[in-house]
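Please read the structure below before turning to the comments.
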Amino acid sequence: MTVHERAGTPARPEDLVDVDALLAAYASTHPDPSVAVQRVAFGTSGHRGSAFTATFNDDHIAATSQAIVEYRAAQGTDGPLFLGRDSHALSEPAWRTAAEVFAANGVDVVIDSRDGLTPTPAISHAILVTNAGRDGRHLADGVVVTPSHNPPADGGFKYNPPDGGPAGTEATSWIADRANELLENGLKEVRRARFDAAAHRYDYLGTYVDQLDQVLDMAAVRDAGVTIGADPLGGASVDYWGEIAQRWGLDLTVVNPDVDPTFGFMTLDWDGKIRMDCSSPYAMASLIARMEAGGADARSAEAPRGAPFTIATGNDADADRHGIVTADGGLMNPNHYLAVAIGYLFAHRPGWPAAAGIGKTAVSSSMIDRVAADLGRTLVEVPVGFKWFVPGLRSGTIGFGGEESAGASFLRRDGSPWSTDKDGLLLALLASEITAVTGSTPSEHYARLTGRFGAPAYARTDVACSREDKAALSKLAADAVTATELAGDAITARLTRAPGNDAAIGGLKVVTDAGWFAARPSGTEDVYKVYAESFRGPEHLARIQDEARGVVSAALGGSGA
């Protein structure tokens with residue numbers, strides 16, 4: 001990818017979204033459902049779009065909310081619906097639209113008792129806590145209004161059914177189809193009423209924070225005196241971090257407590273856009289510089305040396321992702337941290353089921369495979385999407401589920417479920433527990449892993465292709481791959497279905513003993529994404545990436561890029 005010349009530098013006034021114009025477009029722009037891109041479409045994390053492009057407007061949210069009402073009724077879900085939002089400008093009006101539709105349909109809408117922002121994991125946690133005592137009756141579900149780490153002009157809307165995790169394809173397809181029918185009919189069947197602010201309220205923040213010692217060793221973190229710098233990146237975790245510090249007596253500083261819908265305090269991401277991606281060194285440049293410069297203004301020549309914190313962390317806008325910065329290693333690659341977290345947890349959670357497995361996505365690092373084998377634990381490899389981990393986390397058959405894009409969750413210390421959606425707060429705090437209990441940072445632990453298993457090189461690139469090839473790649477059969485070698489090594493597996501659950505991966509994965517690549521079509525652009533990894537270094541990785549194009553092209557009948 002080509003990195004923008006201003007990537008990693010502070011945003012300027014000309015980079016900021018016009019919030020007033022954005023909110024006006026949300027209310028006044030009406031999508032045309034005959035235009036494909038203006039229809040409701042659920043990806044791996046809900047429906048996303050922008051009011052400026054007629055892809056996320058009041059009509060979309062009203063129709064989607066009515067569809068959710070009808071879906072949950074068809075499923076017999078008649079308990080409370082937990083409703084939360086993040087700090088994107090479009091989240092508050094979309095939250096209100098949804099509340100009006102839900103209330104008009106007689107749904108028991110549950111909002112935050114403190115009128116605050118609500119991280120995705122807090123909604124998942126609330127659903128599981130509530131449903132645990134309901135014996136399968138009057139079950140709760142939830143909606144989070146968030147586009148996650150997306151730019152400030154975007155909005156997002158995702159549904160979590162009673163299992164607490166991201167809705168599966170069957171649910172999202174039904175909801176999207178019904179929402180588009182409602183749009184086509186001019187919203188005539190959508191019920192809507194003024195939302196009563198005195199609705200049922202729930203202390204998301206207090207309930208989540210008070211129970212943290214059930215999933216983490218908070219006493220160890222406190223007693224070891226680990227110094228923590230937490231950067232919410234202007235998102236929904238801002239009040240949570242302050243409460244966590246006070247409730248558990250931690251030496252924790254909220255590095256940036258500002259909440260601004262323009263996110264004007266951010267540094268630009270790799271493509272020159274504002275994006276709250278806590279796994280990106282460009283978006284996290286300020287926090288990384290602060291660690292390197294001793295806590296003073298990173299742009300000051302007078303800044304003292306020496307990291308101000310033992311561990312620094314970042315979260316995206318709805319806090320379902322984590323970024324870990326250590327004084328000795330900088331910003332950790334998400335794959336590296338997942339491997340460390342797995343190794344630590346399965347060695348320090350005696351209350352977990354003896355047969356609990358390790359969940360990873362098909363495009364996550366094979367370092368996890370090596371760690372799982374060393375632990376003697378079952379590896380459950382699934383397609384991209386956290387929804388695939390939900391059944392295992394609920395039942396305890398998976399102790400930890402993580403994906404390469406810095407999203408993960410794991411069981412409580414007694415082996416019961418904590419959240420079945422990604423929990424960036426949890427994974428950020430785990431870095432401090434690891435440091436407190438072992439005396440070594442996650443970066444130091446990863447260095448030990450590479451000393452034992454080798455140091456993998458991992459990258460993701462995009463390859464231009466036609467829409468026809470994208471469609472063919474998503475439905476490719478494994479036997480279409482005729483190659484027997486990849487980058488000089490014998491191919492040991494050709495996969496179009498995930499070995500952990502036999503679900504289609506929506507693309508192709510080719511594996512050797514020394515590396516692998518996976519190719520998946522983009523959902524928004526005319527490209528396919530190539531994820532690749534080598535345990536023989538960057539040069540071998542480049543060879544895998546280069547040969548991957550030929551393997552894909554041949555499998556597609558020679559028409560691929």
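In the structure tokens, each chain is lettered A, B, ... as it comes, each chain's residues begin at 1, and ligands are numbered from 1 in order of appearance.
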Backbone-only DSSP, strand (DSSP E or B) members of range 438-469 of chain A, as a list in words: Ala457, Tyr458, Ala459, Arg460, Thr461, Asp462, Val463 and Ala464 of chain A
Could you list, as a PDB file with N, CA, C and O atoms, in the first residue's frame, every residue within 6 Å of Gly235 in chain A, counting only C-alpha atoms and ignoring same-chain residues fewer than 2 positions away?
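Final output, selection.pdb:
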```pdb
ATOM      1  N   SER A  87     -19.049   7.569  20.132  1.00  0.00           N
ATOM      2  CA  SER A  87     -18.897   9.021  20.066  1.00  0.00           C
ATOM      3  C   SER A  87     -18.878   9.597  18.661  1.00  0.00           C
ATOM      4  O   SER A  87     -18.645  10.798  18.496  1.00  0.00           O
ATOM      5  N   PRO A 232      -8.360   6.488  25.103  1.00  0.00           N
ATOM      6  CA  PRO A 232      -9.632   6.043  24.517  1.00  0.00           C
ATOM      7  C   PRO A 232      -9.800   6.454  23.054  1.00  0.00           C
ATOM      8  O   PRO A 232     -10.789   6.071  22.421  1.00  0.00           O
ATOM      9  N   LEU A 233      -8.859   7.252  22.526  1.00  0.00           N
ATOM     10  CA  LEU A 233      -8.947   7.786  21.156  1.00  0.00           C
ATOM     11  C   LEU A 233     -10.282   8.473  20.927  1.00  0.00           C
ATOM     12  O   LEU A 233     -10.875   8.392  19.843  1.00  0.00           O
ATOM     13  N   SER A 237     -14.853   4.419  25.607  1.00  0.00           N
ATOM     14  CA  SER A 237     -14.202   3.888  26.800  1.00  0.00           C
ATOM     15  C   SER A 237     -13.699   4.972  27.740  1.00  0.00           C
ATOM     16  O   SER A 237     -13.181   4.663  28.815  1.00  0.00           O
ATOM     17  N   ALA A 317     -13.318   3.483  18.743  1.00  0.00           N
ATOM     18  CA  ALA A 317     -14.417   4.297  19.257  1.00  0.00           C
ATOM     19  C   ALA A 317     -15.443   3.523  20.075  1.00  0.00           C
ATOM     20  O   ALA A 317     -16.058   4.077  20.978  1.00  0.00           O
TER      21      ALA A 317
END
```
Can you pull out the residues contacting range 14-22 of chain A? Cut-off 7 Å, using only C-alpha atoms, and skip same-chain residues under 2 positions away; I want them as a count of residues only. 12
Using only C-alpha atoms, the best pick from A:Ala490, A:Val530, A:Leu476, A:Ala224 as closest to Gly557 in chain A would be A:Leu476
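The two atoms in question, CA of Gly136 in chain A and CA of Ala319 in chain A, are spaced 28.6 Å apart.
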Residues at most 10 Å from range 501-511 of chain A, counting only C-alpha atoms, excluding those fewer than 3 positions away in the same chain, as a PyMOL selection string? chain A and resi 361-363+380-385+388+470-478+480-481+483+485-486+489-498+514-521+528-533+548+551-552+555
For N, CA and C atoms, I'd like the residues from the last selection saved as a compact mmCIF listing (two decimals), in the first residue's frame.
```txt
# COMPACT_ATOMS: atom_id res chain seq x y z
N THR A 361 -8.91 -16.84 13.75
CA THR A 361 -9.44 -16.75 12.40
C THR A 361 -8.42 -17.31 11.41
N ALA A 362 -8.91 -17.63 10.21
CA ALA A 362 -8.07 -18.26 9.20
C ALA A 362 -6.92 -17.38 8.75
N VAL A 363 -7.02 -16.07 8.97
CA VAL A 363 -5.96 -15.17 8.52
C VAL A 363 -5.11 -14.65 9.67
N VAL A 380 -9.09 -24.07 17.18
CA VAL A 380 -10.35 -23.95 16.44
C VAL A 380 -10.20 -22.79 15.46
N GLU A 381 -9.92 -23.12 14.20
CA GLU A 381 -9.71 -22.10 13.18
C GLU A 381 -11.00 -21.87 12.41
N VAL A 382 -11.45 -20.60 12.38
CA VAL A 382 -12.75 -20.26 11.80
C VAL A 382 -12.58 -19.17 10.75
N PRO A 383 -13.63 -18.89 9.95
CA PRO A 383 -13.54 -17.78 9.00
C PRO A 383 -13.41 -16.44 9.71
N VAL A 384 -13.14 -15.39 8.95
CA VAL A 384 -13.06 -14.04 9.49
C VAL A 384 -14.43 -13.65 10.06
N GLY A 385 -14.43 -13.04 11.23
CA GLY A 385 -15.67 -12.62 11.88
C GLY A 385 -15.78 -13.18 13.28
N TRP A 388 -18.12 -16.26 14.86
CA TRP A 388 -17.83 -17.69 14.86
C TRP A 388 -17.35 -18.19 16.21
N LYS A 470 -14.00 -11.51 -8.17
CA LYS A 470 -14.31 -11.46 -6.74
C LYS A 470 -15.40 -12.46 -6.39
N ALA A 471 -16.43 -12.50 -7.21
CA ALA A 471 -17.54 -13.42 -6.95
C ALA A 471 -17.06 -14.87 -7.08
N ALA A 472 -16.22 -15.13 -8.07
CA ALA A 472 -15.72 -16.50 -8.26
C ALA A 472 -14.81 -16.92 -7.11
N LEU A 473 -13.98 -15.99 -6.64
CA LEU A 473 -13.07 -16.31 -5.54
C LEU A 473 -13.84 -16.65 -4.27
N SER A 474 -14.92 -15.95 -4.02
CA SER A 474 -15.69 -16.19 -2.80
C SER A 474 -16.34 -17.57 -2.79
N LYS A 475 -16.49 -18.17 -3.98
CA LYS A 475 -17.15 -19.47 -4.08
C LYS A 475 -16.21 -20.56 -4.60
N LEU A 476 -14.93 -20.29 -4.55
CA LEU A 476 -13.94 -21.20 -5.12
C LEU A 476 -13.94 -22.55 -4.40
N ALA A 477 -13.72 -23.62 -5.17
CA ALA A 477 -13.56 -24.96 -4.58
C ALA A 477 -12.08 -25.24 -4.38
N ALA A 478 -11.74 -25.97 -3.32
CA ALA A 478 -10.34 -26.24 -2.99
C ALA A 478 -9.62 -26.97 -4.10
N ALA A 480 -9.79 -26.54 -7.11
CA ALA A 480 -9.43 -25.67 -8.23
C ALA A 480 -7.96 -25.27 -8.18
N VAL A 481 -7.35 -25.45 -7.00
CA VAL A 481 -5.92 -25.15 -6.85
C VAL A 481 -5.12 -26.38 -7.29
N ALA A 483 -1.68 -26.15 -8.01
CA ALA A 483 -0.27 -26.00 -7.63
C ALA A 483 0.09 -26.99 -6.54
N GLU A 485 3.39 -26.64 -5.05
CA GLU A 485 4.39 -25.96 -4.24
C GLU A 485 4.06 -24.48 -4.12
N LEU A 486 4.53 -23.89 -3.02
CA LEU A 486 4.40 -22.46 -2.80
C LEU A 486 5.71 -21.95 -2.23
N ASP A 489 8.17 -24.69 -1.18
CA ASP A 489 7.77 -25.69 -0.19
C ASP A 489 6.51 -26.42 -0.67
N ALA A 490 6.41 -27.67 -0.28
CA ALA A 490 5.23 -28.45 -0.65
C ALA A 490 3.99 -27.91 0.03
N ILE A 491 2.93 -27.80 -0.75
CA ILE A 491 1.64 -27.37 -0.20
C ILE A 491 1.05 -28.51 0.62
N THR A 492 0.70 -28.19 1.88
CA THR A 492 0.15 -29.21 2.78
C THR A 492 -1.36 -29.10 2.93
N ALA A 493 -1.93 -27.95 2.57
CA ALA A 493 -3.39 -27.80 2.68
C ALA A 493 -3.88 -26.74 1.71
N ARG A 494 -5.02 -27.03 1.09
CA ARG A 494 -5.73 -26.08 0.25
C ARG A 494 -7.12 -25.97 0.86
N LEU A 495 -7.45 -24.80 1.38
CA LEU A 495 -8.67 -24.66 2.17
C LEU A 495 -9.61 -23.61 1.59
N THR A 496 -10.86 -23.95 1.46
CA THR A 496 -11.92 -22.97 1.20
C THR A 496 -12.97 -23.02 2.30
N ARG A 497 -12.79 -23.96 3.22
CA ARG A 497 -13.65 -24.07 4.40
C ARG A 497 -12.76 -24.13 5.63
N ALA A 498 -13.18 -23.49 6.70
CA ALA A 498 -12.35 -23.42 7.90
C ALA A 498 -12.30 -24.77 8.59
N ALA A 514 6.20 -23.85 6.12
CA ALA A 514 6.97 -22.64 6.41
C ALA A 514 6.16 -21.36 6.26
N GLY A 515 4.95 -21.44 5.74
CA GLY A 515 4.17 -20.23 5.54
C GLY A 515 2.81 -20.52 4.93
N TRP A 516 2.08 -19.47 4.60
CA TRP A 516 0.74 -19.62 4.03
C TRP A 516 0.31 -18.30 3.42
N PHE A 517 -0.74 -18.37 2.60
CA PHE A 517 -1.43 -17.15 2.19
C PHE A 517 -2.92 -17.44 2.15
N ALA A 518 -3.69 -16.38 2.33
CA ALA A 518 -5.14 -16.47 2.18
C ALA A 518 -5.59 -15.31 1.30
N ALA A 519 -6.53 -15.58 0.40
CA ALA A 519 -7.05 -14.56 -0.50
C ALA A 519 -8.56 -14.46 -0.30
N ARG A 520 -9.03 -13.25 -0.02
CA ARG A 520 -10.46 -13.02 0.22
C ARG A 520 -10.88 -11.76 -0.53
N PRO A 521 -12.03 -11.79 -1.21
CA PRO A 521 -12.50 -10.59 -1.93
C PRO A 521 -12.92 -9.49 -0.97
N TYR A 528 -8.95 -8.10 -4.27
CA TYR A 528 -8.99 -9.15 -3.26
C TYR A 528 -7.80 -8.95 -2.33
N LYS A 529 -8.01 -9.29 -1.08
CA LYS A 529 -6.98 -9.09 -0.06
C LYS A 529 -6.15 -10.36 0.07
N VAL A 530 -4.86 -10.19 0.10
CA VAL A 530 -3.94 -11.32 0.29
C VAL A 530 -3.26 -11.18 1.66
N TYR A 531 -3.57 -12.09 2.54
CA TYR A 531 -2.90 -12.19 3.83
C TYR A 531 -1.82 -13.26 3.66
N ALA A 532 -0.62 -12.98 4.14
CA ALA A 532 0.46 -13.96 3.96
C ALA A 532 1.41 -13.92 5.15
N GLU A 533 2.04 -15.07 5.39
CA GLU A 533 2.98 -15.17 6.50
C GLU A 533 4.07 -16.17 6.14
N ALA A 548 1.33 -16.10 -4.75
CA ALA A 548 -0.10 -16.18 -4.42
C ALA A 548 -0.96 -15.68 -5.57
N VAL A 551 -1.24 -18.42 -8.13
CA VAL A 551 -2.09 -19.52 -7.68
C VAL A 551 -3.56 -19.13 -7.79
N VAL A 552 -3.89 -17.92 -7.37
CA VAL A 552 -5.28 -17.46 -7.44
C VAL A 552 -5.72 -17.35 -8.90
N ALA A 555 -6.38 -20.73 -10.33
CA ALA A 555 -7.59 -21.31 -9.76
C ALA A 555 -8.85 -20.70 -10.34
```
Using 10 Å as the limit and counting only C-alpha atoms, can you tabulate each residue of range 102-211 of chain A that touches range 30-48 of chain A, with its shortest atom-to-atom distance in Å and the two atoms involved, as CSV?
```
residue,atom,partner,partner_atom,distance
A:Val143,CA,A:Gly46,CA,9.9
A:Val144,CA,A:Gly46,CA,9.3
A:Val145,CA,A:Gly46,CA,9.3
A:Thr146,CA,A:Arg48,CA,8.3
A:Pro147,CA,A:Arg48,CA,6.0
A:Ser148,CA,A:Ser45,CA,8.4
A:Asn150,CA,A:Arg48,CA,8.9
A:Asp154,CA,A:Arg48,CA,6.9
A:Gly155,CA,A:Arg48,CA,5.6
A:Gly156,CA,A:Arg48,CA,4.3
A:Phe157,CA,A:His47,CA,5.3
A:Lys158,CA,A:Gly46,CA,4.2
A:Tyr159,CA,A:Gly46,CA,7.0
A:Asn160,CA,A:Gly46,CA,9.6
A:Pro166,CA,A:Ser45,CA,7.1
A:Ala167,CA,A:Gly46,CA,8.4
A:Gly168,CA,A:Thr44,CA,8.7
A:Thr169,CA,A:Phe42,CA,8.6
A:Ala171,CA,A:Phe42,CA,9.9
A:Thr172,CA,A:Phe42,CA,6.1
A:Ser173,CA,A:Phe42,CA,7.3
A:Ile175,CA,A:Phe42,CA,8.7
A:Ala176,CA,A:Val40,CA,5.6
A:Asp177,CA,A:Val40,CA,7.9
A:Arg178,CA,A:Val40,CA,9.4
A:Ala179,CA,A:Val40,CA,6.7
A:Asn180,CA,A:Val40,CA,6.1
A:Glu181,CA,A:Pro33,CA,8.7
A:Leu182,CA,A:Pro33,CA,9.6
A:Leu183,CA,A:Pro33,CA,6.4
A:Glu184,CA,A:Pro33,CA,6.0
A:Asn185,CA,A:Pro33,CA,9.7
A:Gly186,CA,A:Pro33,CA,9.7
```
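Comparing A:Ser366, A:Gly500, A:Ser409, A:Cys465 by their smallest distance to Asp526 in chain A, the closest is A:Cys465 (using only C-alpha atoms).
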Considering only C-alpha atoms, return as an NGL selection string whatever protein or nucleic-acid residues lie within 9 Å of range 250-257 of chain A, sequence-local ones (same chain, fewer than 2 positions apart) excluded. :A and (218 or 221-223 or 225-234 or 238-239 or 241-242 or 244-248 or 259 or 265 or 287 or 309 or 312)
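Interatomic distance, CA of Val209 in chain A to CA of Pro417 in chain A: 15.6 Å.
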With a distance cut-off of 9 Å and only C-alpha atoms, select the neighbouring residues of range 351-359 of chain A, excluding the residue or stretch itself and same-chain residues fewer than 3 positions from it, and output the selection as a ChimeraX atom specification. /A:342,346,348,368,372,377-382,388-389,392,396-403,411-416,500
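For Asp86 in chain A, the residues within 6 Å (counting only C-alpha atoms, excluding itself and residues fewer than 4 positions away along the chain) are Leu117, Thr146, Ala236 and Asp318 of chain A.
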With N, CA and C atoms retained, export the selected residues as a PDB file, in the first residue's frame.
```pdb
ATOM      1  N   LEU A 117     -21.713   7.232  26.968  1.00  0.00           N
ATOM      2  CA  LEU A 117     -21.396   6.382  25.828  1.00  0.00           C
ATOM      3  C   LEU A 117     -21.221   4.949  26.322  1.00  0.00           C
ATOM      4  N   THR A 146     -22.544   2.202  16.238  1.00  0.00           N
ATOM      5  CA  THR A 146     -21.110   2.478  16.104  1.00  0.00           C
ATOM      6  C   THR A 146     -20.585   1.977  14.765  1.00  0.00           C
ATOM      7  N   ALA A 236     -15.848   5.548  23.302  1.00  0.00           N
ATOM      8  CA  ALA A 236     -16.798   5.226  24.362  1.00  0.00           C
ATOM      9  C   ALA A 236     -16.155   4.717  25.638  1.00  0.00           C
ATOM     10  N   ASP A 318     -15.666   2.239  19.786  1.00  0.00           N
ATOM     11  CA  ASP A 318     -16.613   1.456  20.592  1.00  0.00           C
ATOM     12  C   ASP A 318     -15.895   0.469  21.500  1.00  0.00           C
TER      13      ASP A 318
END
```
Could you pull out the helix (DSSP H, G or I) residues of range 286-446 of chain A from DSSP and send them as an MDAnalysis selection string? chainID A and resid 286:293 334:345 367:375 386:395 424:438 442:446
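The two atoms in question, CA of Gly164 in chain A and CA of Thr420 in chain A, are spaced 5.5 Å apart.
Distances from A:Glu100, A:Asp58, A:Asp479, A:Glu70 to Trp174 in chain A were compared using only C-alpha atoms, and the smallest one belongs to A:Glu70.
Of the residues under consideration (A:Ala428, A:Leu541, A:Ala67, A:Val527), A:Ala428 shows the shortest atom-to-atom contact distance to Met332 in chain A when counting only C-alpha atoms.
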